[in-house]
Structure formats: C-alpha cells, structure tokens
Amino acid sequence: MDTILDSSSAVRRGEELDARRLESYLVERLEGAAGPLLIEQFPSGFSNLTYLLRLGGRELVLRRPPFGSKVKSAHDMGREYRVLSALHGHYPVPRPLLLCDDPEVMGAQFYVMERVRGAILRKEKPAGFAMHPDEVRACCQSFVRHLADLHAIDYQAVGLAELRKPGSYVERQVTGWIK
C-alpha cells in the first residue's frame, strides 16, 4: 500500500516558501502550534501548489496558487477553503484550519488544513503495484458510494449556495477562454 500513498519531497526550485515568515504566522494563529517548521512539497498535481508542513509534532498541508498566476478565479484559495469548511462534518474531507487572505505573508492567498493520508490515483500505476480483482471491485464500489454521498449533500443546507452562479457554466467557461 505504501507504493500508492502520495509522498512529499524537496520543494521545487522557484516554488520555495519563506519558512521563517510562515512559521511565525502559523505559530501565532494555530492553537498549540510550535516550531520548528519543515517544508516539503507534493510533487504531482495539475493546478495549485501543495506543500507538506511539519510543525513541531504536527503534519499539515498548505495550498496556494502557482507562482506568477494571474488567473484569480482559477486559483481561488478562499473558495477551496469555504468548500472544505462547509463539507467538513458532512463528508470525509480534511479539516481546514486557517485561511490567509493577506498576500504580504506568502505572496498570495493560501490555506492550511490537516493532513489526511491516502492513496492518490495517478495516470500511471506505481511499479510492481497489483491488486486482486476483489480489491479493485471494493475500490470501485467505495468510489461510487462516496460520489453518491457527496451528491446527496444539500449544498444549500451546508452553506454552499453562495458559490452557485446563475446562468450557464459552459457559456461562462467558453467566454472566459475566448477572452
């Protein structure tokens, strides 16, 4: 199972975070937080940058937009944070801990959540990875069950109605691409 758990590694060049500034910010705002802060990065993904923070005895995850990104709506950390906050307690998502709207702290909006370990399915399976057909079936059934559970949540009751925009999503996307 360890072969499919997402692991962190050294931070990629050009995507470093100011560890001193971040540690000071976190220790001041997270109850019970104490240094030292160690920062690693999750190496895969297609959009926002994801870091593993080891702060004292805690493991946290930080999400932020890519460096230099000017497409604010595509990398809205506040929206991610609000969605996780609304779903937490109703669906198995990491507990969001802190949203920072001040770009002076790390150069962009970011949020911190608890770390939840798990398998991340990628395009290519890890070398030597094999599953028995019964395990594959159980994973597929679990996926469908969780997807159904997610869609059964009353988005208005959990406070997500404000995220819904009137009109056609497809029309907004295509118009945005054209611009």
# chains A, B, ... in the order shown; residues from 1 in each chain; ligands from 1
$ residues_around --residues "Tyr51 in chain A" --least-positions-apart "2" --cutoff "10 Å" --atoms "only C-alpha atoms" --output "VMD selection string"
chain A and resid 8 to 11 15 to 17 39 to 43 48 to 49 53 to 54 60 to 64 112
$ residues_around --residues "Leu163 in chain A" --least-positions-apart "6" --cutoff "10 Å" --atoms "only C-alpha atoms" --output "PDB file with all heavy atoms, in the first residue's frame"
ATOM      1  N   ARG A  79     -12.211  30.073  -1.970  1.00  0.00           N
ATOM      2  CA  ARG A  79     -13.306  29.191  -2.381  1.00  0.00           C
ATOM      3  C   ARG A  79     -13.013  27.751  -1.944  1.00  0.00           C
ATOM      4  O   ARG A  79     -13.870  27.078  -1.392  1.00  0.00           O
ATOM      5  CB  ARG A  79     -13.511  29.266  -3.895  1.00  0.00           C
ATOM      6  CG  ARG A  79     -14.635  28.367  -4.387  1.00  0.00           C
ATOM      7  CD  ARG A  79     -14.881  28.514  -5.879  1.00  0.00           C
ATOM      8  NE  ARG A  79     -13.657  28.265  -6.635  1.00  0.00           N
ATOM      9  CZ  ARG A  79     -13.302  28.932  -7.731  1.00  0.00           C
ATOM     10  NH1 ARG A  79     -14.075  29.870  -8.222  1.00  0.00           N
ATOM     11  NH2 ARG A  79     -12.183  28.641  -8.357  1.00  0.00           N
ATOM     12  N   ARG A  82     -13.579  27.557   1.784  1.00  0.00           N
ATOM     13  CA  ARG A  82     -15.008  27.592   2.138  1.00  0.00           C
ATOM     14  C   ARG A  82     -15.692  26.259   1.835  1.00  0.00           C
ATOM     15  O   ARG A  82     -16.524  25.800   2.613  1.00  0.00           O
ATOM     16  CB  ARG A  82     -15.709  28.742   1.404  1.00  0.00           C
ATOM     17  CG  ARG A  82     -15.391  30.110   1.980  1.00  0.00           C
ATOM     18  CD  ARG A  82     -16.275  31.216   1.424  1.00  0.00           C
ATOM     19  NE  ARG A  82     -16.311  31.308  -0.024  1.00  0.00           N
ATOM     20  CZ  ARG A  82     -15.408  31.928  -0.778  1.00  0.00           C
ATOM     21  NH1 ARG A  82     -14.366  32.506  -0.201  1.00  0.00           N
ATOM     22  NH2 ARG A  82     -15.534  31.977  -2.085  1.00  0.00           N
ATOM     23  N   VAL A  83     -15.356  25.652   0.704  1.00  0.00           N
ATOM     24  CA  VAL A  83     -15.963  24.363   0.357  1.00  0.00           C
ATOM     25  C   VAL A  83     -15.562  23.296   1.377  1.00  0.00           C
ATOM     26  O   VAL A  83     -16.408  22.555   1.884  1.00  0.00           O
ATOM     27  CB  VAL A  83     -15.598  23.936  -1.081  1.00  0.00           C
ATOM     28  CG1 VAL A  83     -15.998  22.492  -1.347  1.00  0.00           C
ATOM     29  CG2 VAL A  83     -16.255  24.874  -2.096  1.00  0.00           C
ATOM     30  N   TYR A 155     -26.399  21.163  -0.645  1.00  0.00           N
ATOM     31  CA  TYR A 155     -25.403  22.236  -0.705  1.00  0.00           C
ATOM     32  C   TYR A 155     -25.918  23.529  -0.083  1.00  0.00           C
ATOM     33  O   TYR A 155     -25.147  24.316   0.470  1.00  0.00           O
ATOM     34  CB  TYR A 155     -24.917  22.464  -2.143  1.00  0.00           C
ATOM     35  CG  TYR A 155     -25.917  23.132  -3.058  1.00  0.00           C
ATOM     36  CD1 TYR A 155     -25.892  24.501  -3.242  1.00  0.00           C
ATOM     37  CD2 TYR A 155     -26.887  22.403  -3.739  1.00  0.00           C
ATOM     38  CE1 TYR A 155     -26.806  25.129  -4.078  1.00  0.00           C
ATOM     39  CE2 TYR A 155     -27.798  23.013  -4.569  1.00  0.00           C
ATOM     40  CZ  TYR A 155     -27.760  24.377  -4.737  1.00  0.00           C
ATOM     41  OH  TYR A 155     -28.659  24.993  -5.554  1.00  0.00           O
ATOM     42  N   GLN A 156     -27.221  23.761  -0.120  1.00  0.00           N
ATOM     43  CA  GLN A 156     -27.772  24.964   0.498  1.00  0.00           C
ATOM     44  C   GLN A 156     -27.733  24.846   2.018  1.00  0.00           C
ATOM     45  O   GLN A 156     -27.376  25.806   2.702  1.00  0.00           O
ATOM     46  CB  GLN A 156     -29.202  25.199   0.011  1.00  0.00           C
ATOM     47  CG  GLN A 156     -29.237  25.549  -1.471  1.00  0.00           C
ATOM     48  CD  GLN A 156     -30.641  25.629  -2.021  1.00  0.00           C
ATOM     49  OE1 GLN A 156     -31.504  24.834  -1.647  1.00  0.00           O
ATOM     50  NE2 GLN A 156     -30.869  26.580  -2.907  1.00  0.00           N
TER      51      GLN A 156
END
$ select_by_dssp --residues "range 7-123 of chain A" --states "strand (DSSP E)" --output "list in words"
Leu37, Leu38, Ile39, Glu40, Gln41, Leu49, Thr50, Tyr51, Leu52, Leu53, Arg54, Leu55, Arg58, Glu59, Leu60, Val61, Leu62, Arg63, Arg64, Pro96, Leu97, Leu98, Leu99, Cys100, Phe110, Tyr111, Val112, Met113 and Glu114 of chain A
$ select_by_dssp --residues "range 99-132 of chain A" --states "helix (DSSP H, G or I)" --output "list in words"
Pro103, Glu104, Val105 and Met106 of chain A
$ closest_residue --among "A:Leu98, A:Ala74, A:Leu121, A:Ala130" --to "Arg29 in chain A" --atoms "only C-alpha atoms"
A:Leu98
$ atom_distance --atom1 "CA of Arg137 in chain A" --atom2 "CA of Val93 in chain A"
22.9 Å
$ atom_distance --atom1 "CA of Asp134 in chain A" --atom2 "CA of Ser44 in chain A"
28.3 Å
